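File shown here: coords_16.txt, holding compact mmCIF, N, CA, C and O atoms.
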# COMPACT_ATOMS: atom_id res chain seq x y z
N MET P 1 -10.40 -14.22 6.21
CA MET P 1 -10.87 -13.66 4.95
C MET P 1 -11.83 -14.63 4.27
O MET P 1 -11.70 -15.83 4.43
N THR P 2 -12.75 -14.09 3.52
CA THR P 2 -13.62 -14.95 2.74
C THR P 2 -12.83 -15.53 1.58
O THR P 2 -11.77 -15.03 1.21
N SER P 3 -13.35 -16.58 0.98
CA SER P 3 -12.60 -17.22 -0.11
C SER P 3 -12.39 -16.26 -1.28
O SER P 3 -11.32 -16.26 -1.88
N GLY P 4 -13.39 -15.45 -1.61
CA GLY P 4 -13.22 -14.48 -2.69
C GLY P 4 -12.17 -13.42 -2.35
O GLY P 4 -11.33 -13.06 -3.17
N ALA P 5 -12.22 -12.94 -1.11
CA ALA P 5 -11.23 -11.96 -0.67
C ALA P 5 -9.84 -12.58 -0.62
O ALA P 5 -8.85 -11.93 -0.98
N GLN P 6 -9.75 -13.83 -0.20
CA GLN P 6 -8.46 -14.50 -0.15
C GLN P 6 -7.88 -14.67 -1.55
O GLN P 6 -6.69 -14.46 -1.76
N ARG P 7 -8.73 -15.04 -2.51
CA ARG P 7 -8.25 -15.18 -3.89
C ARG P 7 -7.75 -13.84 -4.43
O ARG P 7 -6.72 -13.78 -5.10
N ALA P 8 -8.48 -12.78 -4.13
CA ALA P 8 -8.05 -11.44 -4.58
C ALA P 8 -6.73 -11.05 -3.92
O ALA P 8 -5.84 -10.51 -4.57
N ALA P 9 -6.60 -11.35 -2.63
CA ALA P 9 -5.35 -11.04 -1.92
C ALA P 9 -4.20 -11.85 -2.49
O ALA P 9 -3.10 -11.34 -2.71
N ASP P 10 -4.44 -13.13 -2.76
CA ASP P 10 -3.39 -13.98 -3.35
C ASP P 10 -2.98 -13.46 -4.73
O ASP P 10 -1.80 -13.45 -5.06
N ALA P 11 -3.95 -13.05 -5.53
CA ALA P 11 -3.64 -12.52 -6.86
C ALA P 11 -2.82 -11.24 -6.75
O ALA P 11 -1.89 -11.02 -7.52
N PHE P 12 -3.14 -10.40 -5.76
CA PHE P 12 -2.37 -9.18 -5.54
C PHE P 12 -0.92 -9.50 -5.19
O PHE P 12 0.01 -8.96 -5.77
N VAL P 13 -0.73 -10.41 -4.25
CA VAL P 13 0.62 -10.77 -3.83
C VAL P 13 1.39 -11.42 -4.97
O VAL P 13 2.59 -11.17 -5.14
N ASP P 14 0.73 -12.24 -5.77
CA ASP P 14 1.39 -12.88 -6.92
C ASP P 14 1.95 -11.83 -7.88
O ASP P 14 2.96 -12.06 -8.54
N ARG P 15 1.30 -10.68 -7.97
CA ARG P 15 1.74 -9.63 -8.89
C ARG P 15 2.85 -8.76 -8.32
O ARG P 15 3.42 -7.93 -9.01
N THR P 16 3.17 -8.90 -7.04
CA THR P 16 4.16 -8.02 -6.42
C THR P 16 5.58 -8.29 -6.89
O THR P 16 6.50 -7.62 -6.45
N ALA P 17 5.78 -9.23 -7.79
CA ALA P 17 7.11 -9.42 -8.38
C ALA P 17 7.46 -8.23 -9.27
O ALA P 17 8.63 -8.01 -9.56
N TYR P 18 6.46 -7.46 -9.69
CA TYR P 18 6.72 -6.26 -10.47
C TYR P 18 7.37 -5.21 -9.58
O TYR P 18 7.00 -5.05 -8.43
N PRO P 19 8.34 -4.49 -10.09
CA PRO P 19 9.14 -3.62 -9.24
C PRO P 19 8.51 -2.28 -8.84
O PRO P 19 9.03 -1.63 -7.97
N LEU P 20 7.40 -1.89 -9.44
CA LEU P 20 6.88 -0.55 -9.15
C LEU P 20 5.48 -0.58 -8.54
O LEU P 20 4.59 -1.27 -9.03
N ALA P 21 5.31 0.21 -7.49
CA ALA P 21 4.00 0.40 -6.87
C ALA P 21 3.90 1.86 -6.46
O ALA P 21 4.90 2.52 -6.18
N VAL P 22 2.67 2.36 -6.42
CA VAL P 22 2.40 3.73 -6.01
C VAL P 22 1.43 3.68 -4.84
O VAL P 22 0.49 2.89 -4.83
N VAL P 23 1.67 4.52 -3.85
CA VAL P 23 0.75 4.64 -2.73
C VAL P 23 0.07 6.00 -2.83
O VAL P 23 0.70 7.00 -3.18
N THR P 24 -1.24 6.03 -2.59
CA THR P 24 -2.00 7.27 -2.60
C THR P 24 -2.83 7.37 -1.32
O THR P 24 -3.20 6.35 -0.74
N ALA P 25 -3.10 8.59 -0.91
CA ALA P 25 -3.90 8.82 0.29
C ALA P 25 -4.52 10.21 0.21
O ALA P 25 -4.04 11.07 -0.53
N ALA P 26 -5.58 10.39 0.97
CA ALA P 26 -6.20 11.70 1.13
C ALA P 26 -6.58 11.86 2.59
O ALA P 26 -7.08 10.92 3.21
N ASP P 27 -6.33 13.03 3.15
CA ASP P 27 -6.68 13.25 4.55
C ASP P 27 -8.12 13.75 4.68
O ASP P 27 -8.84 13.88 3.69
N GLN P 28 -8.53 14.03 5.90
CA GLN P 28 -9.91 14.44 6.17
C GLN P 28 -10.26 15.78 5.54
O GLN P 28 -11.43 16.09 5.31
N ASP P 29 -9.27 16.60 5.23
CA ASP P 29 -9.51 17.90 4.60
C ASP P 29 -9.53 17.81 3.08
O ASP P 29 -9.64 18.83 2.40
N GLY P 30 -9.36 16.60 2.53
CA GLY P 30 -9.38 16.43 1.09
C GLY P 30 -8.04 16.65 0.42
O GLY P 30 -7.96 16.66 -0.81
N VAL P 31 -6.98 16.82 1.20
CA VAL P 31 -5.64 16.96 0.63
C VAL P 31 -5.17 15.58 0.19
O VAL P 31 -5.11 14.65 1.00
N GLY P 32 -4.88 15.43 -1.11
CA GLY P 32 -4.45 14.14 -1.63
C GLY P 32 -2.98 14.16 -2.02
O GLY P 32 -2.40 15.21 -2.28
N SER P 33 -2.38 12.98 -2.03
CA SER P 33 -0.99 12.87 -2.41
C SER P 33 -0.70 11.44 -2.82
O SER P 33 -1.41 10.51 -2.43
N GLY P 34 0.35 11.26 -3.60
CA GLY P 34 0.77 9.93 -4.01
C GLY P 34 2.25 9.93 -4.36
O GLY P 34 2.82 10.97 -4.70
N CYS P 35 2.87 8.78 -4.24
CA CYS P 35 4.29 8.68 -4.57
C CYS P 35 4.65 7.23 -4.88
O CYS P 35 3.91 6.30 -4.57
N LEU P 36 5.81 7.09 -5.46
CA LEU P 36 6.36 5.77 -5.73
C LEU P 36 6.77 5.13 -4.41
O LEU P 36 7.35 5.78 -3.55
N VAL P 37 6.44 3.86 -4.24
CA VAL P 37 6.79 3.12 -3.03
C VAL P 37 8.28 2.81 -3.06
O VAL P 37 8.80 2.32 -4.06
N GLY P 38 8.97 3.08 -1.96
CA GLY P 38 10.38 2.79 -1.88
C GLY P 38 10.67 1.32 -1.65
O GLY P 38 11.66 0.78 -2.12
N PHE P 39 9.79 0.63 -0.91
CA PHE P 39 9.98 -0.78 -0.59
C PHE P 39 8.62 -1.38 -0.28
O PHE P 39 7.82 -0.78 0.43
N LEU P 40 8.35 -2.59 -0.80
CA LEU P 40 7.09 -3.29 -0.57
C LEU P 40 7.39 -4.77 -0.38
O LEU P 40 8.12 -5.36 -1.18
N THR P 41 6.86 -5.36 0.69
CA THR P 41 7.04 -6.78 0.91
C THR P 41 5.86 -7.35 1.68
O THR P 41 5.20 -6.63 2.43
N GLN P 42 5.59 -8.61 1.48
CA GLN P 42 4.55 -9.30 2.24
C GLN P 42 5.14 -9.67 3.60
O GLN P 42 6.25 -10.20 3.68
N CYS P 43 4.42 -9.39 4.69
CA CYS P 43 4.94 -9.71 6.01
C CYS P 43 4.02 -10.62 6.82
O CYS P 43 4.33 -10.96 7.95
N SER P 44 2.89 -11.05 6.24
CA SER P 44 1.99 -12.00 6.88
C SER P 44 1.17 -12.70 5.81
O SER P 44 0.80 -12.08 4.81
N ILE P 45 0.88 -13.98 6.04
CA ILE P 45 0.11 -14.75 5.07
C ILE P 45 -1.37 -14.70 5.40
O ILE P 45 -2.20 -14.41 4.54
N ASP P 46 -1.74 -15.01 6.64
CA ASP P 46 -3.15 -15.03 7.02
C ASP P 46 -3.30 -14.42 8.41
O ASP P 46 -2.91 -15.07 9.39
N PRO P 47 -3.75 -13.19 8.51
CA PRO P 47 -4.29 -12.38 7.43
C PRO P 47 -3.16 -11.78 6.58
O PRO P 47 -2.05 -11.55 7.08
N LEU P 48 -3.48 -11.50 5.35
CA LEU P 48 -2.51 -10.88 4.45
C LEU P 48 -2.16 -9.49 4.96
O LEU P 48 -3.04 -8.68 5.22
N ARG P 49 -0.87 -9.24 5.10
CA ARG P 49 -0.40 -7.91 5.48
C ARG P 49 0.82 -7.59 4.65
O ARG P 49 1.67 -8.44 4.40
N LEU P 50 0.88 -6.34 4.21
CA LEU P 50 2.00 -5.87 3.41
C LEU P 50 2.71 -4.75 4.16
O LEU P 50 2.07 -3.94 4.83
N LEU P 51 4.01 -4.71 4.02
CA LEU P 51 4.81 -3.60 4.54
C LEU P 51 5.12 -2.71 3.36
O LEU P 51 5.71 -3.15 2.38
N VAL P 52 4.67 -1.47 3.42
CA VAL P 52 4.87 -0.49 2.35
C VAL P 52 5.67 0.66 2.94
O VAL P 52 5.23 1.28 3.91
N CYS P 53 6.83 0.93 2.38
CA CYS P 53 7.72 1.97 2.93
C CYS P 53 7.90 3.12 1.95
O CYS P 53 8.14 2.89 0.77
N ILE P 54 7.75 4.32 2.48
CA ILE P 54 8.07 5.53 1.72
C ILE P 54 8.89 6.44 2.63
O ILE P 54 8.90 6.27 3.86
N SER P 55 9.54 7.39 2.06
CA SER P 55 10.39 8.31 2.81
C SER P 55 9.58 9.22 3.71
O SER P 55 8.53 9.74 3.31
N LYS P 56 10.07 9.45 4.92
CA LYS P 56 9.42 10.38 5.85
C LYS P 56 9.44 11.82 5.32
O LYS P 56 8.63 12.63 5.71
N THR P 57 10.39 12.13 4.45
CA THR P 57 10.49 13.48 3.92
C THR P 57 9.55 13.73 2.75
O THR P 57 9.43 14.85 2.27
N ASN P 58 8.85 12.70 2.30
CA ASN P 58 7.92 12.80 1.18
C ASN P 58 6.61 13.43 1.65
O ASN P 58 6.12 13.11 2.73
N HIS P 59 6.02 14.30 0.85
CA HIS P 59 4.73 14.92 1.17
C HIS P 59 3.66 13.86 1.44
O HIS P 59 2.81 14.04 2.32
N THR P 60 3.70 12.76 0.72
CA THR P 60 2.70 11.70 0.90
C THR P 60 2.75 11.13 2.32
O THR P 60 1.72 10.75 2.87
N PHE P 61 3.92 11.06 2.91
CA PHE P 61 4.04 10.56 4.28
C PHE P 61 3.20 11.41 5.23
O PHE P 61 2.49 10.89 6.09
N GLU P 62 3.27 12.73 5.08
CA GLU P 62 2.50 13.63 5.93
C GLU P 62 0.99 13.42 5.73
O GLU P 62 0.24 13.38 6.69
N VAL P 63 0.58 13.30 4.47
CA VAL P 63 -0.85 13.08 4.18
C VAL P 63 -1.30 11.73 4.73
O VAL P 63 -2.36 11.62 5.35
N MET P 64 -0.48 10.70 4.55
CA MET P 64 -0.82 9.37 5.06
C MET P 64 -0.98 9.36 6.58
O MET P 64 -1.82 8.63 7.11
N SER P 65 -0.18 10.14 7.27
CA SER P 65 -0.26 10.16 8.73
C SER P 65 -1.60 10.71 9.22
O SER P 65 -1.99 10.45 10.36
N ARG P 66 -2.31 11.44 8.37
CA ARG P 66 -3.62 12.00 8.73
C ARG P 66 -4.78 11.24 8.07
O ARG P 66 -5.93 11.54 8.35
N ALA P 67 -4.49 10.29 7.22
CA ALA P 67 -5.54 9.59 6.46
C ALA P 67 -6.05 8.36 7.20
O ALA P 67 -5.31 7.72 7.96
N SER P 68 -7.30 8.02 6.97
CA SER P 68 -7.85 6.79 7.56
C SER P 68 -7.62 5.59 6.66
O SER P 68 -7.65 4.45 7.14
N HIS P 69 -7.37 5.81 5.36
CA HIS P 69 -7.13 4.73 4.40
C HIS P 69 -6.05 5.16 3.42
O HIS P 69 -5.90 6.35 3.15
N VAL P 70 -5.34 4.18 2.91
CA VAL P 70 -4.39 4.42 1.83
C VAL P 70 -4.61 3.35 0.76
O VAL P 70 -5.19 2.31 1.05
N ALA P 71 -4.17 3.63 -0.44
CA ALA P 71 -4.29 2.65 -1.52
C ALA P 71 -2.88 2.38 -2.08
O ALA P 71 -2.07 3.29 -2.18
N VAL P 72 -2.64 1.11 -2.40
CA VAL P 72 -1.38 0.72 -3.04
C VAL P 72 -1.75 0.20 -4.43
O VAL P 72 -2.58 -0.71 -4.56
N ARG P 73 -1.14 0.78 -5.44
CA ARG P 73 -1.45 0.40 -6.82
C ARG P 73 -0.17 -0.14 -7.46
O ARG P 73 0.87 0.51 -7.42
N LEU P 74 -0.29 -1.32 -8.05
CA LEU P 74 0.84 -1.90 -8.77
C LEU P 74 0.85 -1.37 -10.19
O LEU P 74 -0.19 -1.28 -10.84
N LEU P 75 2.02 -1.00 -10.68
CA LEU P 75 2.14 -0.50 -12.05
C LEU P 75 2.61 -1.60 -12.97
O LEU P 75 3.26 -2.52 -12.60

Please lay out the structure from this file as structure tokens.
Amino acid sequence: MTSGAQRAADAFVDRTAYPLAVVTAADQDGVGSGCLVGFLTQCSIDPLRLLVCISKTNHTFEVMSRASHVAVRLL
């Protein structure tokens, strides 16, 4: 990662002490969905990787399975 990207990633991880995050996604057909994250944890330092878990029964899970990108937002 570049130094600017690394600083942004570090700042993101520093904020993950907050208990709530939302994941959103949209598939190729424009179907969008979002939900509260059930579990979020950092699983790699360099490169930064996060494990974000949501229920398989959630509509967002289906949309995420068809999406090329997802977003995680801290509340």

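Residues of protein, DNA or RNA having at least one counted atom within 12 Å of (-3.4, -12.1, -3.5), given only C-alpha atoms, are P:Met1, P:Ser3, P:Gly4, P:Ala5, P:Gln6, P:Arg7, P:Ala8, P:Ala9, P:Asp10, P:Ala11, P:Phe12, P:Val13, P:Asp14, P:Arg15, P:Thr16, P:Ala17, P:Gln42, P:Ser44, P:Ile45, P:Asp46, P:Pro47, P:Leu48, P:Arg49, P:Leu50.
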
Go ahead and dump the residues you just picked, N, CA, C and O atoms, as a short mmCIF file (atom, residue, chain, number, x, y, z; two decimals), in the coordinates of the input.
data_model
loop_
_atom_site.label_atom_id
_atom_site.label_comp_id
_atom_site.auth_asym_id
_atom_site.auth_seq_id
_atom_site.Cartn_x
_atom_site.Cartn_y
_atom_site.Cartn_z
N MET P 1 -10.40 -14.22 6.21
CA MET P 1 -10.87 -13.66 4.95
C MET P 1 -11.83 -14.63 4.27
O MET P 1 -11.70 -15.83 4.43
N SER P 3 -13.35 -16.58 0.98
CA SER P 3 -12.60 -17.22 -0.11
C SER P 3 -12.39 -16.26 -1.28
O SER P 3 -11.32 -16.26 -1.88
N GLY P 4 -13.39 -15.45 -1.61
CA GLY P 4 -13.22 -14.48 -2.69
C GLY P 4 -12.17 -13.42 -2.35
O GLY P 4 -11.33 -13.06 -3.17
N ALA P 5 -12.22 -12.94 -1.11
CA ALA P 5 -11.23 -11.96 -0.67
C ALA P 5 -9.84 -12.58 -0.62
O ALA P 5 -8.85 -11.93 -0.98
N GLN P 6 -9.75 -13.83 -0.20
CA GLN P 6 -8.46 -14.50 -0.15
C GLN P 6 -7.88 -14.67 -1.55
O GLN P 6 -6.69 -14.46 -1.76
N ARG P 7 -8.73 -15.04 -2.51
CA ARG P 7 -8.25 -15.18 -3.89
C ARG P 7 -7.75 -13.84 -4.43
O ARG P 7 -6.72 -13.78 -5.10
N ALA P 8 -8.48 -12.78 -4.13
CA ALA P 8 -8.05 -11.44 -4.58
C ALA P 8 -6.73 -11.05 -3.92
O ALA P 8 -5.84 -10.51 -4.57
N ALA P 9 -6.60 -11.35 -2.63
CA ALA P 9 -5.35 -11.04 -1.92
C ALA P 9 -4.20 -11.85 -2.49
O ALA P 9 -3.10 -11.34 -2.71
N ASP P 10 -4.44 -13.13 -2.76
CA ASP P 10 -3.39 -13.98 -3.35
C ASP P 10 -2.98 -13.46 -4.73
O ASP P 10 -1.80 -13.45 -5.06
N ALA P 11 -3.95 -13.05 -5.53
CA ALA P 11 -3.64 -12.52 -6.86
C ALA P 11 -2.82 -11.24 -6.75
O ALA P 11 -1.89 -11.02 -7.52
N PHE P 12 -3.14 -10.40 -5.76
CA PHE P 12 -2.37 -9.18 -5.54
C PHE P 12 -0.92 -9.50 -5.19
O PHE P 12 0.01 -8.96 -5.77
N VAL P 13 -0.73 -10.41 -4.25
CA VAL P 13 0.62 -10.77 -3.83
C VAL P 13 1.39 -11.42 -4.97
O VAL P 13 2.59 -11.17 -5.14
N ASP P 14 0.73 -12.24 -5.77
CA ASP P 14 1.39 -12.88 -6.92
C ASP P 14 1.95 -11.83 -7.88
O ASP P 14 2.96 -12.06 -8.54
N ARG P 15 1.30 -10.68 -7.97
CA ARG P 15 1.74 -9.63 -8.89
C ARG P 15 2.85 -8.76 -8.32
O ARG P 15 3.42 -7.93 -9.01
N THR P 16 3.17 -8.90 -7.04
CA THR P 16 4.16 -8.02 -6.42
C THR P 16 5.58 -8.29 -6.89
O THR P 16 6.50 -7.62 -6.45
N ALA P 17 5.78 -9.23 -7.79
CA ALA P 17 7.11 -9.42 -8.38
C ALA P 17 7.46 -8.23 -9.27
O ALA P 17 8.63 -8.01 -9.56
N GLN P 42 5.59 -8.61 1.48
CA GLN P 42 4.55 -9.30 2.24
C GLN P 42 5.14 -9.67 3.60
O GLN P 42 6.25 -10.20 3.68
N SER P 44 2.89 -11.05 6.24
CA SER P 44 1.99 -12.00 6.88
C SER P 44 1.17 -12.70 5.81
O SER P 44 0.80 -12.08 4.81
N ILE P 45 0.88 -13.98 6.04
CA ILE P 45 0.11 -14.75 5.07
C ILE P 45 -1.37 -14.70 5.40
O ILE P 45 -2.20 -14.41 4.54
N ASP P 46 -1.74 -15.01 6.64
CA ASP P 46 -3.15 -15.03 7.02
C ASP P 46 -3.30 -14.42 8.41
O ASP P 46 -2.91 -15.07 9.39
N PRO P 47 -3.75 -13.19 8.51
CA PRO P 47 -4.29 -12.38 7.43
C PRO P 47 -3.16 -11.78 6.58
O PRO P 47 -2.05 -11.55 7.08
N LEU P 48 -3.48 -11.50 5.35
CA LEU P 48 -2.51 -10.88 4.45
C LEU P 48 -2.16 -9.49 4.96
O LEU P 48 -3.04 -8.68 5.22
N ARG P 49 -0.87 -9.24 5.10
CA ARG P 49 -0.40 -7.91 5.48
C ARG P 49 0.82 -7.59 4.65
O ARG P 49 1.67 -8.44 4.40
N LEU P 50 0.88 -6.34 4.21
CA LEU P 50 2.00 -5.87 3.41
C LEU P 50 2.71 -4.75 4.16
O LEU P 50 2.07 -3.94 4.83
#

If we count only N, CA, C and O atoms and set the cut-off at 6 Å, which residues sit around Leu20 of chain P, ignoring sequence neighbours fewer than 5 positions away in its own chain? Please answer as a PyMOL selection string.
chain P and resi 73-75

Atoms kept (N, CA, C and O atoms) for selection, written as a PDB file, in the coordinates of the input:
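Writing done, so here's again.pdb:
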ATOM      1  N   ARG P  73      -1.140   0.780  -5.440  1.00  0.00           N
ATOM      2  CA  ARG P  73      -1.450   0.400  -6.820  1.00  0.00           C
ATOM      3  C   ARG P  73      -0.170  -0.140  -7.460  1.00  0.00           C
ATOM      4  O   ARG P  73       0.870   0.510  -7.420  1.00  0.00           O
ATOM      5  N   LEU P  74      -0.290  -1.320  -8.050  1.00  0.00           N
ATOM      6  CA  LEU P  74       0.840  -1.900  -8.770  1.00  0.00           C
ATOM      7  C   LEU P  74       0.850  -1.370 -10.190  1.00  0.00           C
ATOM      8  O   LEU P  74      -0.190  -1.280 -10.840  1.00  0.00           O
ATOM      9  N   LEU P  75       2.020  -1.000 -10.680  1.00  0.00           N
ATOM     10  CA  LEU P  75       2.140  -0.500 -12.050  1.00  0.00           C
ATOM     11  C   LEU P  75       2.610  -1.600 -12.970  1.00  0.00           C
ATOM     12  O   LEU P  75       3.260  -2.520 -12.600  1.00  0.00           O
TER      13      LEU P  75
END

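Taking atom CA of Val70 of chain P and atom CA of Asp27 of chain P as the two end points, the separation is 9.5 Å.
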
Rounded to one decimal, what separation in Å do you get between atom CA of Gln28 of chain P and atom CA of Leu40 of chain P?
25.5 Å

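Using only N, CA, C and O atoms, the nearest neighbour of Ala26 of chain P within the list P:Phe61, P:Gly38, P:Ser55, P:Ala67 is P:Ala67.
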
Can you sort out the box for segment 19-28 of chain P, edges along x, y and z, all listed atoms in, 3 Å on every side, with centre and edge lengths in Å to one decimal, as lines of an AutoDock Vina configuration file?
center_x = -1.1
center_y = 5.8
center_z = -2.0
size_x = 26.6
size_y = 26.6
size_z = 22.3

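Atom CA of Thr41 of chain P is positioned 21.6 Å from atom CA of Val63 of chain P.
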
Using DSSP on the backbone coordinates, identify the residues of chain P assigned to alpha helix (DSSP H); present them as a ChimeraX atom specification.
/P:3-14,59-66
